[in-house]
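Working notes, beginning with the structure itself.
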Amino acid sequence: MKAAFLPTFLLELALLSWRISAAPVPANEVCTLDGYQFKCQNGVWPRDKDMTFPAVTDQTTALHFEKFTFHEENLRPLPAVNLTNLGILTFDNVTVWNSAGKSVGLPLQQLTQRLNRVSVTTLRITDTEVGVLDASYFTGFRGLLSLSIKYCTVESVTPDAFQPLRLEGGGSVLTELQFSANKGVKTFPWDAIVPVAPSIRVSILPSQNHYPKYGDNR
Ligand SMILES: *[C@@H]1O[C@H](CO)[C@@H](O)[C@H](O)[C@H]1NC(C)=O
Ligand SMILES: *[C@@H]1O[C@H](CO)[C@@H](O)[C@H](O)[C@H]1NC(C)=O
C-alpha cells in the first residue's frame, strides 16, 4: 500500500514544483507589439504562468485583448514589470471560463492587481461578460478619463459602482462615460454617477425603454 502511495505523492510533488517554477511566457508568443500597443487577439492567456512584456519607452502604452480567452482558475495577473505606463486597457469579445466550464465575469481586479491602476486613463470593455459592477470592480482606477462598457453582459450595477473613481478631495477626473447597449442589467442606479458627474463632459447612458428616466427613481 505504501509503495502504491509513494509514486503518486512524488508525481504530485513534481507537478507542484513544475507549477511553481513554470517559465514565464514572453508576450510575443501570445500578443503582438504594434508601436506602443500590445494586441492580444484570438488567443488564450497562459495558465499558471506569468507573462512577461518587453519594455516600451515612457510613451503611453496600450494593451488590447480581442477575441481572447482567460481561465479564472489560477489566473496569473498582468505583470508590473514593463507595464508601469499602461494607459489604455481594452477588452473586446473576451471570454473567461471557470473551472466548471462556465463563462464568468471579467475578473478585472484580479487581472490588474499588480498594475499601477491609477496610470490607466482609458478602460474600454465591449462584447464581454462583466458580472456585477459594484464598489470593488473599479478599485484603484482613479486616473480614468474615459470609461466605456458597451454591448456587454452586466448582471447588475450597484449605486456605489463608480465610487472608487472619486479622488480624495472629491470629484473625479473622468470626462467620458459610456454605458450602453448592455444586456442583463435591469435597472441602472442613477445615483451611481453622482461621484463622477461633475467632471463628465460626454456620456452615453442607457436609453432603452425599460430603464427609468433620470429622476423617476429618486
Ligand atoms: C522588461 O523589458 C526588457 C527589455 O525589453 C526585457 O529584457 C525584460 O525581460 C523585461 N522584464 C520582464 C520581467 O518582462
Ligand atoms: C466573438 O468571438 C466569437 C469567437 O471568435 C465570434 O464567433 C463572435 O462572432 C464574436 N462576437 C462579436 C460580437 O464579434
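The chains in the C-alpha cells are called A, B, ... from first to last as shown; in each chain the residues are counted from 1, and the ligands are counted from 1 in the order shown.
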
Could you give me, as a ChimeraX atom specification, the residues within 12 Å of Asp34 in chain A, counting only C-alpha atoms and dropping anything in the same chain fewer than 2 positions from it?
/A:28,31-32,36-40,56,61-64

Now that the selection is made, can you save its residues with N, CA and C atoms as an mmCIF file, in the first residue's frame?
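Saved to out.cif:
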```cif
data_model
loop_
_atom_site.group_PDB
_atom_site.id
_atom_site.type_symbol
_atom_site.label_atom_id
_atom_site.label_comp_id
_atom_site.auth_asym_id
_atom_site.auth_seq_id
_atom_site.Cartn_x
_atom_site.Cartn_y
_atom_site.Cartn_z
ATOM 1 N N ASN A 28 5.291 38.071 -26.745
ATOM 2 C CA ASN A 28 5.185 37.938 -28.205
ATOM 3 C C ASN A 28 4.730 36.549 -28.663
ATOM 4 N N CYS A 31 0.803 37.829 -27.900
ATOM 5 C CA CYS A 31 0.381 39.160 -28.327
ATOM 6 C C CYS A 31 1.381 39.708 -29.339
ATOM 7 N N THR A 32 0.965 40.731 -30.068
ATOM 8 C CA THR A 32 1.925 41.380 -30.957
ATOM 9 C C THR A 32 2.113 42.817 -30.510
ATOM 10 N N TYR A 36 3.345 51.319 -29.716
ATOM 11 C CA TYR A 36 3.333 51.274 -28.255
ATOM 12 C C TYR A 36 2.167 50.449 -27.732
ATOM 13 N N GLN A 37 1.549 49.688 -28.637
ATOM 14 C CA GLN A 37 0.376 48.929 -28.232
ATOM 15 C C GLN A 37 0.617 47.438 -28.350
ATOM 16 N N PHE A 38 0.150 46.737 -27.362
ATOM 17 C CA PHE A 38 0.169 45.281 -27.449
ATOM 18 C C PHE A 38 -1.223 44.838 -27.863
ATOM 19 N N LYS A 39 -1.291 44.016 -28.884
ATOM 20 C CA LYS A 39 -2.584 43.479 -29.295
ATOM 21 C C LYS A 39 -2.586 41.973 -29.043
ATOM 22 N N CYS A 40 -3.503 41.543 -28.211
ATOM 23 C CA CYS A 40 -3.599 40.126 -27.899
ATOM 24 C C CYS A 40 -4.919 39.642 -28.501
ATOM 25 N N VAL A 56 8.648 49.038 -23.161
ATOM 26 C CA VAL A 56 8.467 50.056 -24.185
ATOM 27 C C VAL A 56 8.785 51.361 -23.490
ATOM 28 N N THR A 61 1.327 53.463 -23.251
ATOM 29 C CA THR A 61 1.227 52.131 -23.819
ATOM 30 C C THR A 61 -0.209 51.622 -23.680
ATOM 31 N N ALA A 62 -0.577 50.775 -24.583
ATOM 32 C CA ALA A 62 -1.931 50.252 -24.590
ATOM 33 C C ALA A 62 -1.893 48.737 -24.683
ATOM 34 N N LEU A 63 -2.862 48.120 -24.066
ATOM 35 C CA LEU A 63 -2.976 46.673 -24.109
ATOM 36 C C LEU A 63 -4.403 46.336 -24.525
ATOM 37 N N HIS A 64 -4.522 45.671 -25.676
ATOM 38 C CA HIS A 64 -5.850 45.345 -26.209
ATOM 39 C C HIS A 64 -6.034 43.824 -26.239
#
```

Can you tell me which residues come within 8 Å of ligand 1 when counting only C-alpha atoms and all ligand atoms, ideally as a list in words?
Pro26, Met51, Thr52, Phe53, Pro54, Ala55, Val56, Pro79, Val81 and Asn82 of chain A

Residues just named, written with C-alpha atoms as a PDB file, in the first residue's frame:
```pdb
ATOM      1  CA  PRO A  26       7.070  36.001 -23.422  1.00  0.00           C
ATOM      2  CA  MET A  51       3.500  36.664 -18.982  1.00  0.00           C
ATOM      3  CA  THR A  52       6.471  38.926 -19.482  1.00  0.00           C
ATOM      4  CA  PHE A  53       6.187  42.025 -21.587  1.00  0.00           C
ATOM      5  CA  PRO A  54       9.103  43.767 -23.245  1.00  0.00           C
ATOM      6  CA  ALA A  55       9.913  47.261 -22.101  1.00  0.00           C
ATOM      7  CA  VAL A  56       8.467  50.056 -24.185  1.00  0.00           C
ATOM      8  CA  PRO A  79       2.894  41.738 -14.558  1.00  0.00           C
ATOM      9  CA  VAL A  81       7.389  44.995 -14.753  1.00  0.00           C
ATOM     10  CA  ASN A  82       7.485  46.893 -18.064  1.00  0.00           C
TER      11      ASN A  82
END
```

Just want the residues within 6 Å of ligand 2, written as a ChimeraX atom specification, counting only C-alpha atoms and all ligand atoms.
/A:67,93,127

What's the 8 Å shell around Thr121 in chain A, counting only C-alpha atoms, without same-chain residues fewer than 2 positions away, as number ranges by chain?
A: 87-88, 118-119, 123, 143-146

Which residues come within 6 Å of range 102-116 of chain A, counting only C-alpha atoms, excluding same-chain residues fewer than 2 positions away, as a compact mmCIF listing (two decimals) with all heavy atoms, in the first residue's frame?
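File part30.txt, as written:
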```
# COMPACT_ATOMS: atom_id res chain seq x y z
N PRO A 77 -2.03 37.39 -12.78
CA PRO A 77 -2.30 38.77 -13.15
C PRO A 77 -1.29 39.32 -14.16
O PRO A 77 -0.22 38.73 -14.35
CB PRO A 77 -2.17 39.53 -11.82
CG PRO A 77 -1.83 38.56 -10.78
CD PRO A 77 -1.57 37.23 -11.40
N LEU A 78 -1.63 40.43 -14.75
CA LEU A 78 -0.69 41.13 -15.63
C LEU A 78 0.52 41.51 -14.79
O LEU A 78 0.38 41.89 -13.63
CB LEU A 78 -1.34 42.41 -16.17
CG LEU A 78 -2.35 42.22 -17.28
CD1 LEU A 78 -3.29 43.42 -17.36
CD2 LEU A 78 -1.63 42.02 -18.60
N ALA A 80 3.73 43.61 -13.31
CA ALA A 80 4.00 45.03 -13.06
C ALA A 80 5.19 45.49 -13.89
O ALA A 80 5.20 46.61 -14.39
CB ALA A 80 4.28 45.25 -11.58
N VAL A 96 -14.20 34.47 -20.22
CA VAL A 96 -13.50 33.94 -19.06
C VAL A 96 -14.22 32.67 -18.60
O VAL A 96 -15.42 32.70 -18.35
CB VAL A 96 -13.49 34.97 -17.90
CG1 VAL A 96 -12.66 34.45 -16.73
CG2 VAL A 96 -12.94 36.32 -18.38
N TRP A 97 -13.50 31.59 -18.54
CA TRP A 97 -14.09 30.32 -18.12
C TRP A 97 -13.71 30.01 -16.68
O TRP A 97 -12.57 30.23 -16.29
CB TRP A 97 -13.59 29.17 -19.00
CG TRP A 97 -13.93 29.32 -20.45
CD1 TRP A 97 -13.06 29.60 -21.46
CD2 TRP A 97 -15.22 29.19 -21.07
NE1 TRP A 97 -13.71 29.66 -22.67
CE2 TRP A 97 -15.04 29.41 -22.46
CE3 TRP A 97 -16.50 28.92 -20.59
CZ2 TRP A 97 -16.10 29.37 -23.36
CZ3 TRP A 97 -17.56 28.87 -21.49
CH2 TRP A 97 -17.35 29.10 -22.86
N ASN A 98 -14.66 29.47 -15.92
CA ASN A 98 -14.30 29.00 -14.59
C ASN A 98 -13.96 27.51 -14.67
O ASN A 98 -14.03 26.91 -15.75
CB ASN A 98 -15.38 29.31 -13.55
CG ASN A 98 -16.64 28.48 -13.71
OD1 ASN A 98 -16.68 27.55 -14.52
ND2 ASN A 98 -17.66 28.81 -12.96
N ALA A 100 -15.50 24.99 -13.80
CA ALA A 100 -16.62 24.12 -14.16
C ALA A 100 -17.00 24.28 -15.63
O ALA A 100 -18.01 23.73 -16.08
CB ALA A 100 -17.81 24.41 -13.25
N VAL A 118 -3.76 53.40 -11.28
CA VAL A 118 -4.05 54.83 -11.43
C VAL A 118 -3.47 55.39 -12.74
O VAL A 118 -3.91 56.45 -13.21
CB VAL A 118 -3.58 55.59 -10.15
CG1 VAL A 118 -2.09 55.83 -10.16
CG2 VAL A 118 -4.36 56.86 -9.96
N SER A 119 -2.53 54.68 -13.35
CA SER A 119 -1.96 55.15 -14.62
C SER A 119 -2.89 54.86 -15.81
O SER A 119 -2.71 55.39 -16.90
CB SER A 119 -0.58 54.53 -14.87
OG SER A 119 -0.71 53.21 -15.35
N GLU A 129 -18.64 39.53 -20.90
CA GLU A 129 -19.42 39.38 -19.68
C GLU A 129 -18.65 40.06 -18.55
O GLU A 129 -17.48 39.74 -18.34
CB GLU A 129 -19.59 37.87 -19.41
CG GLU A 129 -20.59 37.56 -18.35
CD GLU A 129 -20.84 36.06 -18.22
OE1 GLU A 129 -20.71 35.32 -19.21
OE2 GLU A 129 -21.14 35.64 -17.09
N VAL A 130 -19.26 41.02 -17.88
CA VAL A 130 -18.53 41.70 -16.81
C VAL A 130 -19.00 41.31 -15.42
O VAL A 130 -18.31 41.53 -14.44
CB VAL A 130 -18.55 43.25 -16.95
CG1 VAL A 130 -17.91 43.70 -18.24
CG2 VAL A 130 -19.93 43.81 -16.79
N GLY A 131 -20.20 40.72 -15.30
CA GLY A 131 -20.69 40.32 -13.99
C GLY A 131 -21.31 41.49 -13.25
O GLY A 131 -21.99 42.33 -13.84
```

With DSSP run on the backbone, what are the helix (DSSP H, G or I) residues within range 64-210 of chain A? I'd like them as a ChimeraX atom specification.
/A:108-111,117-119,163-165,190-193,197-199

Restrict the selected residues to all heavy atoms and save them as a tab-separated table (two decimals), in the first residue's frame.
```
chain	number	residue	atom	x	y	z
A	108	LEU	N	-11.53	41.81	-13.47
A	108	LEU	CA	-10.67	42.96	-13.73
A	108	LEU	C	-9.69	43.24	-12.58
A	108	LEU	O	-8.51	43.52	-12.81
A	108	LEU	CB	-11.55	44.19	-13.98
A	108	LEU	CG	-10.83	45.48	-14.36
A	108	LEU	CD1	-10.16	45.34	-15.72
A	108	LEU	CD2	-11.79	46.66	-14.36
A	109	GLN	N	-10.20	43.14	-11.35
A	109	GLN	CA	-9.32	43.42	-10.20
A	109	GLN	C	-8.18	42.41	-10.11
A	109	GLN	O	-7.03	42.78	-9.90
A	109	GLN	CB	-10.13	43.40	-8.89
A	109	GLN	CG	-10.97	44.64	-8.68
A	109	GLN	CD	-10.12	45.88	-8.46
A	109	GLN	OE1	-9.18	45.90	-7.67
A	109	GLN	NE2	-10.44	46.95	-9.17
A	110	GLN	N	-8.52	41.16	-10.28
A	110	GLN	CA	-7.51	40.11	-10.17
A	110	GLN	C	-6.46	40.26	-11.27
A	110	GLN	O	-5.26	40.15	-11.04
A	110	GLN	CB	-8.21	38.76	-10.27
A	110	GLN	CG	-7.43	37.62	-9.65
A	110	GLN	CD	-8.12	36.29	-9.88
A	110	GLN	OE1	-9.34	36.26	-10.13
A	110	GLN	NE2	-7.37	35.22	-9.81
A	111	LEU	N	-6.95	40.55	-12.46
A	111	LEU	CA	-6.05	40.66	-13.61
A	111	LEU	C	-5.11	41.86	-13.49
A	111	LEU	O	-3.97	41.82	-13.97
A	111	LEU	CB	-6.91	40.77	-14.87
A	111	LEU	CG	-6.27	40.44	-16.20
A	111	LEU	CD1	-5.72	39.03	-16.21
A	111	LEU	CD2	-7.31	40.60	-17.30
A	117	ARG	N	-2.77	50.85	-11.17
A	117	ARG	CA	-4.05	51.08	-11.88
A	117	ARG	C	-4.32	52.55	-12.14
A	117	ARG	O	-5.00	52.90	-13.09
A	117	ARG	CB	-5.21	50.50	-11.06
A	117	ARG	CG	-5.17	49.00	-10.94
A	117	ARG	CD	-6.48	48.51	-10.34
A	117	ARG	NE	-6.41	47.11	-10.00
A	117	ARG	CZ	-6.32	46.65	-8.75
A	117	ARG	NH1	-6.31	47.49	-7.74
A	117	ARG	NH2	-6.25	45.36	-8.52
A	118	VAL	N	-3.76	53.40	-11.28
A	118	VAL	CA	-4.05	54.83	-11.43
A	118	VAL	C	-3.47	55.39	-12.74
A	118	VAL	O	-3.91	56.45	-13.21
A	118	VAL	CB	-3.58	55.59	-10.15
A	118	VAL	CG1	-2.09	55.83	-10.16
A	118	VAL	CG2	-4.36	56.86	-9.96
A	119	SER	N	-2.53	54.68	-13.35
A	119	SER	CA	-1.96	55.15	-14.62
A	119	SER	C	-2.89	54.86	-15.81
A	119	SER	O	-2.71	55.39	-16.90
A	119	SER	CB	-0.58	54.53	-14.87
A	119	SER	OG	-0.71	53.21	-15.35
A	163	GLN	N	-17.83	54.77	-7.22
A	163	GLN	CA	-17.23	55.39	-6.03
A	163	GLN	C	-15.69	55.33	-6.04
A	163	GLN	O	-15.04	56.31	-5.67
A	163	GLN	CB	-17.79	54.70	-4.77
A	163	GLN	CG	-17.71	55.49	-3.50
A	163	GLN	CD	-18.58	56.74	-3.51
A	163	GLN	OE1	-19.68	56.73	-4.04
A	163	GLN	NE2	-18.08	57.82	-2.93
A	164	PRO	N	-15.08	54.22	-6.50
A	164	PRO	CA	-13.61	54.15	-6.49
A	164	PRO	C	-12.94	55.19	-7.38
A	164	PRO	O	-11.75	55.46	-7.25
A	164	PRO	CB	-13.30	52.74	-7.02
A	164	PRO	CG	-14.53	51.96	-6.80
A	164	PRO	CD	-15.66	52.93	-6.92
A	165	LEU	N	-13.69	55.79	-8.31
A	165	LEU	CA	-13.10	56.79	-9.21
A	165	LEU	C	-12.98	58.15	-8.54
A	165	LEU	O	-12.33	59.05	-9.06
A	165	LEU	CB	-13.95	56.92	-10.49
A	165	LEU	CG	-13.66	55.92	-11.62
A	165	LEU	CD1	-13.81	54.49	-11.19
A	165	LEU	CD2	-14.57	56.21	-12.80
A	190	TRP	N	-29.16	55.52	-11.00
A	190	TRP	CA	-28.62	56.82	-11.42
A	190	TRP	C	-27.73	57.46	-10.38
A	190	TRP	O	-26.84	58.24	-10.72
A	190	TRP	CB	-29.76	57.74	-11.84
A	190	TRP	CG	-30.41	57.23	-13.08
A	190	TRP	CD1	-31.58	56.53	-13.17
A	190	TRP	CD2	-29.89	57.32	-14.41
A	190	TRP	NE1	-31.81	56.18	-14.48
A	190	TRP	CE2	-30.80	56.65	-15.25
A	190	TRP	CE3	-28.74	57.89	-14.95
A	190	TRP	CZ2	-30.59	56.54	-16.62
A	190	TRP	CZ3	-28.53	57.79	-16.33
A	190	TRP	CH2	-29.46	57.11	-17.14
A	191	ASP	N	-27.94	57.11	-9.12
A	191	ASP	CA	-27.09	57.66	-8.07
A	191	ASP	C	-25.63	57.27	-8.26
A	191	ASP	O	-24.73	57.93	-7.76
A	191	ASP	CB	-27.56	57.18	-6.68
A	191	ASP	CG	-28.83	57.90	-6.24
A	191	ASP	OD1	-29.11	58.98	-6.79
A	191	ASP	OD2	-29.53	57.37	-5.35
A	192	ALA	N	-25.43	56.19	-9.03
A	192	ALA	CA	-24.06	55.70	-9.25
A	192	ALA	C	-23.18	56.75	-9.90
A	192	ALA	O	-21.97	56.80	-9.65
A	192	ALA	CB	-24.08	54.43	-10.10
A	193	ILE	N	-23.78	57.59	-10.74
A	193	ILE	CA	-22.94	58.56	-11.46
A	193	ILE	C	-22.67	59.83	-10.64
A	193	ILE	O	-21.87	60.67	-11.06
A	193	ILE	CB	-23.48	58.92	-12.87
A	193	ILE	CG1	-24.86	59.53	-12.80
A	193	ILE	CG2	-23.44	57.70	-13.79
A	193	ILE	CD1	-25.30	60.09	-14.15
A	197	ALA	N	-20.18	62.72	-11.76
A	197	ALA	CA	-20.98	63.66	-12.56
A	197	ALA	C	-20.33	65.03	-12.79
A	197	ALA	O	-20.40	65.56	-13.90
A	197	ALA	CB	-22.37	63.80	-11.95
A	198	PRO	N	-19.68	65.63	-11.78
A	198	PRO	CA	-19.15	66.98	-12.00
A	198	PRO	C	-18.10	67.07	-13.11
A	198	PRO	O	-17.98	68.11	-13.76
A	198	PRO	CB	-18.52	67.34	-10.65
A	198	PRO	CG	-19.18	66.46	-9.66
A	198	PRO	CD	-19.48	65.19	-10.39
A	199	SER	N	-17.36	66.01	-13.35
A	199	SER	CA	-16.28	66.07	-14.34
A	199	SER	C	-16.69	65.57	-15.72
A	199	SER	O	-16.00	65.81	-16.71
A	199	SER	CB	-15.08	65.27	-13.84
A	199	SER	OG	-15.45	63.93	-13.60
```

Smallest atom-to-atom distance to Gly35 in chain A: which of A:Lys49, A:Gln59, A:Leu89, A:Ser148, using only C-alpha atoms?
A:Gln59

If you run DSSP over the backbone, which residues in chain A end up strand (DSSP E or B)? Put them as a PyMOL selection string.
chain A and resi 25-26+32-34+37-41+44+51-52+61-71+86-97+103-104+122-126+129-133+146-150+153-157+176-180+183+202-204

Using only C-alpha atoms, pick whichever of A:Ile200, A:Leu86, A:Val132, A:Leu205 has the shortest atom-to-atom distance to Val157 in chain A.
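The answer is A:Val132, which sits nearest to Val157 in chain A.
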
Calculated over only C-alpha atoms, which of the candidates A:Lys186, A:Arg124, A:Lys150, A:Arg142 has the smallest distance to Gly171 in chain A?
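Among the listed residues, A:Arg142 lies closest to Gly171 in chain A.
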